[in-house]
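Novice: Please find final_9.tsv (TSV, C-alpha atoms) on the next line:
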chain	number	residue	atom	x	y	z
A	1	MET	CA	-9.22	51.11	-10.12
A	2	GLY	CA	-6.70	48.33	-10.62
A	3	ASN	CA	-4.88	49.12	-7.38
A	4	PHE	CA	-8.14	48.95	-5.39
A	5	SER	CA	-8.98	45.61	-7.00
A	6	ARG	CA	-5.57	44.18	-6.06
A	7	GLN	CA	-5.92	45.44	-2.46
A	8	PHE	CA	-9.43	43.98	-2.20
A	9	LYS	CA	-8.30	40.57	-3.49
A	10	SER	CA	-5.24	40.62	-1.22
A	11	PHE	CA	-7.38	41.47	1.81
A	12	PHE	CA	-9.64	38.45	1.34
A	13	LYS	CA	-6.85	36.13	0.19
A	14	ASN	CA	-5.00	36.78	3.48
A	15	HIS	CA	-8.25	36.31	5.41
A	16	ARG	CA	-8.83	32.96	3.69
A	17	LYS	CA	-5.27	31.74	4.27
A	18	VAL	CA	-5.41	32.56	7.99
A	19	TRP	CA	-8.79	30.93	8.48
A	20	GLU	CA	-7.75	27.82	6.50
A	21	GLN	CA	-4.65	27.55	8.70
A	22	LEU	CA	-6.79	27.98	11.82
A	23	ALA	CA	-9.12	25.18	10.70
A	24	HIS	CA	-6.14	22.92	10.08
A	25	ASP	CA	-4.51	23.76	13.44
A	26	ILE	CA	-7.60	23.13	15.58
A	27	GLY	CA	-8.94	20.15	13.63
A	28	ALA	CA	-11.95	22.00	12.22
A	29	LYS	CA	-13.54	22.13	8.80
A	30	PHE	CA	-12.95	25.13	6.52
A	31	VAL	CA	-15.95	25.86	4.31
A	32	LYS	CA	-15.80	28.12	1.27
A	33	ASN	CA	-19.42	28.96	0.53
A	34	GLY	CA	-19.09	30.85	-2.73
A	35	LEU	CA	-18.26	34.23	-4.17
A	36	PHE	CA	-20.46	36.46	-2.00
A	37	LYS	CA	-20.89	34.20	1.00
A	38	PRO	CA	-18.46	34.21	3.91
A	39	PHE	CA	-15.91	31.56	4.72
A	40	GLU	CA	-16.72	29.41	7.73
A	41	VAL	CA	-14.67	27.41	10.18
A	42	ILE	CA	-16.76	24.71	11.82
A	43	LYS	CA	-15.49	22.72	14.78
A	44	THR	CA	-17.55	19.79	15.98
A	45	GLN	CA	-16.51	18.35	19.30
A	46	ASP	CA	-18.28	16.02	21.70
A	47	ASN	CA	-21.93	16.91	21.13
A	48	PHE	CA	-21.71	20.54	20.05
A	49	THR	CA	-20.65	22.64	17.07
A	50	LEU	CA	-18.81	25.94	17.20
A	51	LYS	CA	-18.95	28.04	14.06
A	52	LEU	CA	-16.78	30.99	13.04
A	53	ASP	CA	-17.85	33.19	10.16
A	54	SER	CA	-17.88	36.81	9.12
A	55	VAL	CA	-20.56	39.20	7.96
A	56	THR	CA	-20.43	42.65	6.43
A	57	LYS	CA	-22.71	45.55	7.22
A	58	MET	CA	-23.02	48.87	5.49
A	59	SER	CA	-22.73	51.86	7.79
A	60	GLY	CA	-23.32	54.95	5.69
A	61	ASN	CA	-20.60	54.88	3.03
A	62	HIS	CA	-18.42	52.46	5.00
A	63	VAL	CA	-18.34	48.70	5.09
A	64	GLN	CA	-18.05	47.16	8.54
A	65	TYR	CA	-16.62	43.65	8.82
A	66	ILE	CA	-17.79	41.53	11.73
A	67	THR	CA	-16.25	38.31	13.00
A	68	ARG	CA	-18.82	36.04	14.59
A	69	PHE	CA	-18.55	32.90	16.75
A	70	GLN	CA	-21.76	30.91	17.32
A	71	THR	CA	-22.75	27.82	19.26
A	72	THR	CA	-25.72	26.46	21.15
A	73	CYS	CA	-25.63	25.74	24.86
A	74	ASN	CA	-27.71	24.00	27.50
A	75	ALA	CA	-29.00	27.11	29.23
A	76	SER	CA	-32.63	27.54	30.15
A	77	ALA	CA	-34.62	28.92	27.22
A	78	ASP	CA	-35.50	32.17	29.01
A	79	LEU	CA	-31.96	32.93	30.24
A	80	TYR	CA	-30.46	35.98	28.56
A	81	PHE	CA	-27.23	37.85	29.09
A	82	LEU	CA	-25.32	40.50	27.20
A	83	ILE	CA	-21.75	41.68	27.67
A	84	VAL	CA	-20.66	44.82	25.82
A	85	ARG	CA	-17.81	47.26	26.11
A	86	LYS	CA	-18.80	50.34	28.10
A	87	HIS	CA	-19.74	53.46	26.21
A	88	PHE	CA	-22.19	56.31	26.57
A	89	PHE	CA	-25.03	54.69	24.61
A	90	ASN	CA	-25.31	51.40	26.55
A	91	LYS	CA	-25.87	52.61	30.09
A	92	LYS	CA	-29.48	51.46	30.17
A	93	ALA	CA	-30.27	47.76	30.51
A	94	PRO	CA	-32.21	46.14	27.66
A	95	LYS	CA	-35.86	45.23	28.29
A	96	ASN	CA	-36.42	42.46	30.88
A	97	THR	CA	-32.81	42.57	32.08
A	98	GLU	CA	-30.87	44.18	34.85
A	99	SER	CA	-27.34	45.43	35.14
A	100	PHE	CA	-25.21	42.87	36.93
A	101	ASN	CA	-22.24	43.66	39.18
A	102	THR	CA	-19.49	41.05	38.92
A	103	ASP	CA	-17.39	42.42	41.82
A	104	LEU	CA	-14.39	42.21	39.48
A	105	GLU	CA	-13.02	45.73	39.13
A	106	ILE	CA	-11.00	45.20	35.94
A	107	PHE	CA	-14.11	43.84	34.20
A	108	GLU	CA	-16.42	46.53	35.57
A	109	GLN	CA	-14.12	49.31	34.32
A	110	LYS	CA	-14.36	48.15	30.70
A	111	PHE	CA	-17.60	46.21	30.25
A	112	ARG	CA	-21.28	46.13	31.08
A	113	LEU	CA	-23.11	42.91	31.85
A	114	PHE	CA	-26.89	42.70	31.59
A	115	VAL	CA	-28.75	39.55	32.69
A	116	SER	CA	-32.28	38.25	32.89
A	117	SER	CA	-31.51	36.10	35.96
A	118	SER	CA	-28.53	36.87	38.17
A	119	ARG	CA	-29.05	33.62	40.11
A	120	GLU	CA	-28.62	31.50	36.96
A	121	ILE	CA	-25.74	33.42	35.44
A	122	ARG	CA	-23.49	33.75	38.49
A	123	PRO	CA	-22.13	30.14	38.39
A	124	VAL	CA	-21.56	30.30	34.62
A	125	LEU	CA	-19.67	33.58	34.30
A	126	ASN	CA	-16.90	32.77	36.70
A	127	ARG	CA	-13.90	34.93	37.54
A	128	LYS	CA	-11.61	33.19	35.01
A	129	LEU	CA	-13.95	33.80	32.06
A	130	LEU	CA	-14.58	37.41	33.03
A	131	LEU	CA	-10.84	38.05	33.40
A	132	ASN	CA	-10.32	36.53	29.95
A	133	ILE	CA	-12.76	39.02	28.48
A	134	ALA	CA	-11.36	41.99	30.39
A	135	GLU	CA	-7.65	41.31	29.94
A	136	GLN	CA	-7.25	39.41	26.69
A	137	GLN	CA	-9.80	40.90	24.30
A	138	PRO	CA	-8.34	44.05	22.73
A	139	PHE	CA	-11.27	44.73	20.43
A	140	THR	CA	-12.99	48.08	20.79
A	141	SER	CA	-16.34	46.65	19.78
A	142	ILE	CA	-17.09	43.25	21.26
A	143	ARG	CA	-20.47	41.74	22.11
A	144	LEU	CA	-21.19	38.43	23.83
A	145	GLU	CA	-24.82	37.43	23.98
A	146	LEU	CA	-26.85	34.42	25.06
A	147	LYS	CA	-30.34	34.43	23.63
A	148	ALA	CA	-32.70	31.46	23.29
A	149	LYS	CA	-29.90	28.96	24.01
A	150	ASN	CA	-27.73	30.48	21.26
A	151	LEU	CA	-24.39	31.86	22.36
A	152	GLU	CA	-22.86	34.44	20.02
A	153	LEU	CA	-19.67	36.45	20.18
A	154	THR	CA	-19.37	39.28	17.66
A	155	ILE	CA	-16.36	41.50	17.07
A	156	ALA	CA	-16.59	44.57	14.85
A	157	ALA	CA	-13.46	43.71	12.90
A	158	LEU	CA	-12.34	40.97	10.57
A	159	VAL	CA	-10.02	39.03	12.86
A	160	LYS	CA	-7.06	37.67	10.91
A	161	ASP	CA	-4.61	37.02	13.75
A	162	ILE	CA	-4.41	33.24	14.11
A	163	ASP	CA	-3.39	33.31	17.78
A	164	GLN	CA	-6.29	35.63	18.63
A	165	LEU	CA	-8.71	33.36	16.74
A	166	LYS	CA	-7.43	30.30	18.59
A	167	SER	CA	-7.81	32.15	21.89
A	168	LEU	CA	-11.40	33.07	21.02
A	169	PHE	CA	-12.21	29.46	20.07
A	170	VAL	CA	-10.88	28.28	23.44
A	171	PHE	CA	-12.81	31.01	25.24
A	172	MET	CA	-16.11	30.07	23.55
A	173	LYS	CA	-15.51	26.38	24.25
A	174	GLU	CA	-14.84	27.10	27.94
A	175	LEU	CA	-17.93	29.28	28.22
A	176	ARG	CA	-20.09	26.64	26.56
A	177	ASN	CA	-18.64	24.01	28.91
A	178	GLN	CA	-19.62	26.17	31.90
A	179	PHE	CA	-23.25	25.86	30.79
A	180	ALA	CA	-22.85	22.08	30.42
A	181	LYS	CA	-21.62	21.88	34.05
A	182	GLN	CA	-24.80	23.59	35.28
A	183	GLU	CA	-27.09	20.81	34.01
Let me see the file written as structure tokens.
Specialist:
Amino acid sequence: MGNFSRQFKSFFKNHRKVWEQLAHDIGAKFVKNGLFKPFEVIKTQDNFTLKLDSVTKMSGNHVQYITRFQTTCNASADLYFLIVRKHFFNKKAPKNTESFNTDLEIFEQKFRLFVSSSREIRPVLNRKLLLNIAEQQPFTSIRLELKAKNLELTIAALVKDIDQLKSLFVFMKELRNQFAKQE
């Protein structure tokens, strides 16, 4: 039991150190919320806030750690899109959406994109952002969703690589800025 306890403490101590360093490096605020609440990294810039936190979910007898980036954006309230890695269970588009073809082969091989309005999403999800997702995101379970003006990126892993976290912060900032350009 003692070995498990040491491993558990080490796991979260490393997580905390990396996220504290990230906050320092990008000029964000590191928030320690308490014993059973996740750490947060909050970056406020211009007139928006980007938040990084983690959540845990039980899946049978296993604990699944999820890294989550959240921000609001200036999209229309009824605009919805979802990007997920391709697998057998996500072939069908969610209700009130359609599958969207990006004409970018490397993206289409790995991901599915579902949208509520292809006309509104085309200028936002440009080639550079889609290539970033397709080429630079190694995570097997990644989900990017815009719903009711809330933009959320979730990764089914506790990301502790500082360079990867910085890259994801830049990606979310660029995506949010794309929505700001559409105003």
Novice: Check the smallest atom-to-atom distance from each of A:Ala148, A:Leu153, A:Ala180, A:Leu79 to A:Leu168 using all atoms listed in the file, then report the winner.
Specialist: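 Once distances to A:Leu168 are computed over all atoms listed in the file, the minimum belongs to A:Leu153.
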Novice: Hey, what's within 12 Å of A:Phe171 if we count only C-alpha atoms and toss same-chain stuff fewer than 6 positions away? As a compact mmCIF listing (two decimals) with C-alpha atoms, in the frame of the given file, please?
Specialist:
# COMPACT_ATOMS: atom_id res chain seq x y z
CA LEU A 50 -18.81 25.94 17.20
CA PHE A 69 -18.55 32.90 16.75
CA GLN A 70 -21.76 30.91 17.32
CA LEU A 125 -19.67 33.58 34.30
CA LYS A 128 -11.61 33.19 35.01
CA LEU A 129 -13.95 33.80 32.06
CA LEU A 130 -14.58 37.41 33.03
CA LEU A 131 -10.84 38.05 33.40
CA ASN A 132 -10.32 36.53 29.95
CA ILE A 133 -12.76 39.02 28.48
CA GLN A 136 -7.25 39.41 26.69
CA GLN A 137 -9.80 40.90 24.30
CA LEU A 144 -21.19 38.43 23.83
CA LEU A 151 -24.39 31.86 22.36
CA GLU A 152 -22.86 34.44 20.02
CA LEU A 153 -19.67 36.45 20.18
CA GLN A 164 -6.29 35.63 18.63
CA LEU A 165 -8.71 33.36 16.74
CA ASN A 177 -18.64 24.01 28.91
CA GLN A 178 -19.62 26.17 31.90
Novice: For A:Ala77, list every protein, DNA or RNA residue within 9 Å, evaluated using only C-alpha atoms, and leave out those in the same chain fewer than 2 positions away; present the list as a PDB file with C-alpha atoms, in the coordinates of the input.
Specialist:
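Output file out.pdb is given in full below:
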ATOM      1  CA  ASN A  74     -27.710  24.000  27.500  1.00  0.00           C
ATOM      2  CA  ALA A  75     -29.000  27.110  29.230  1.00  0.00           C
ATOM      3  CA  LEU A  79     -31.960  32.930  30.240  1.00  0.00           C
ATOM      4  CA  TYR A  80     -30.460  35.980  28.560  1.00  0.00           C
ATOM      5  CA  LYS A 147     -30.340  34.430  23.630  1.00  0.00           C
ATOM      6  CA  ALA A 148     -32.700  31.460  23.290  1.00  0.00           C
ATOM      7  CA  LYS A 149     -29.900  28.960  24.010  1.00  0.00           C
TER       8      LYS A 149
END
Novice: In Å, with one decimal, what is the gap from atom CA of A:Asp163 to atom CA of A:Ala134?
Specialist: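 Between atom CA of A:Asp163 and atom CA of A:Ala134 the gap works out to 17.3 Å.
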Novice: So the first atom is atom CA of A:Asp161 and the second is atom CA of A:His87; what is the distance between them in Å, to one decimal place?
Specialist: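 Interatomic distance here is 25.6 Å.
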Novice: Between A:Lys51, A:Arg119, A:His62, A:Lys91, which is the closest to A:Met172 once you count all atoms listed in the file?
Specialist: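 The answer is A:Lys51, which sits nearest to A:Met172.
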Novice: Skipping near chain neighbours, those fewer than 2 positions away, what residues fall within 10 Å of A:Thr56 using only C-alpha atoms, listed as a ChimeraX atom specification?
Specialist: /A:38,54,58-59,63-67,156-158
Novice: Which of these residues is nearest to A:Val124, using all atoms listed in the file: A:Phe111, A:Phe169, A:Phe139, A:Phe81?
Specialist: A:Phe81
Novice: Quick one: pull the distance between atom CA of A:Asp46 and atom CA of A:Ser167, Å, one decimal.
Specialist: 19.2 Å
Novice: Adding 4 Å on each side of the box along x, y and z that holds all listed atoms of stretch 51-69 of chain A, could you give its centre and edge lengths in Å to one decimal, as lines of an AutoDock Vina configuration file?
Specialist:
center_x = -19.8
center_y = 41.5
center_z = 9.9
size_x = 15.1
size_y = 34.9
size_z = 21.7
Novice: Looking at all atoms listed in the file, which of A:Leu146, A:Leu113, A:Ile162, A:Leu22 is the one that sits closest to A:Leu175?
Specialist: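 Checking each candidate against A:Leu175, we get A:Leu146 as the closest.
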Novice: With all atoms listed in the file as the atoms that count, which of A:Val55, A:Leu104, A:Ile26, A:Ile155 lies nearest to A:Glu40?
Specialist: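 Selected residue with least distance to A:Glu40: A:Val55.
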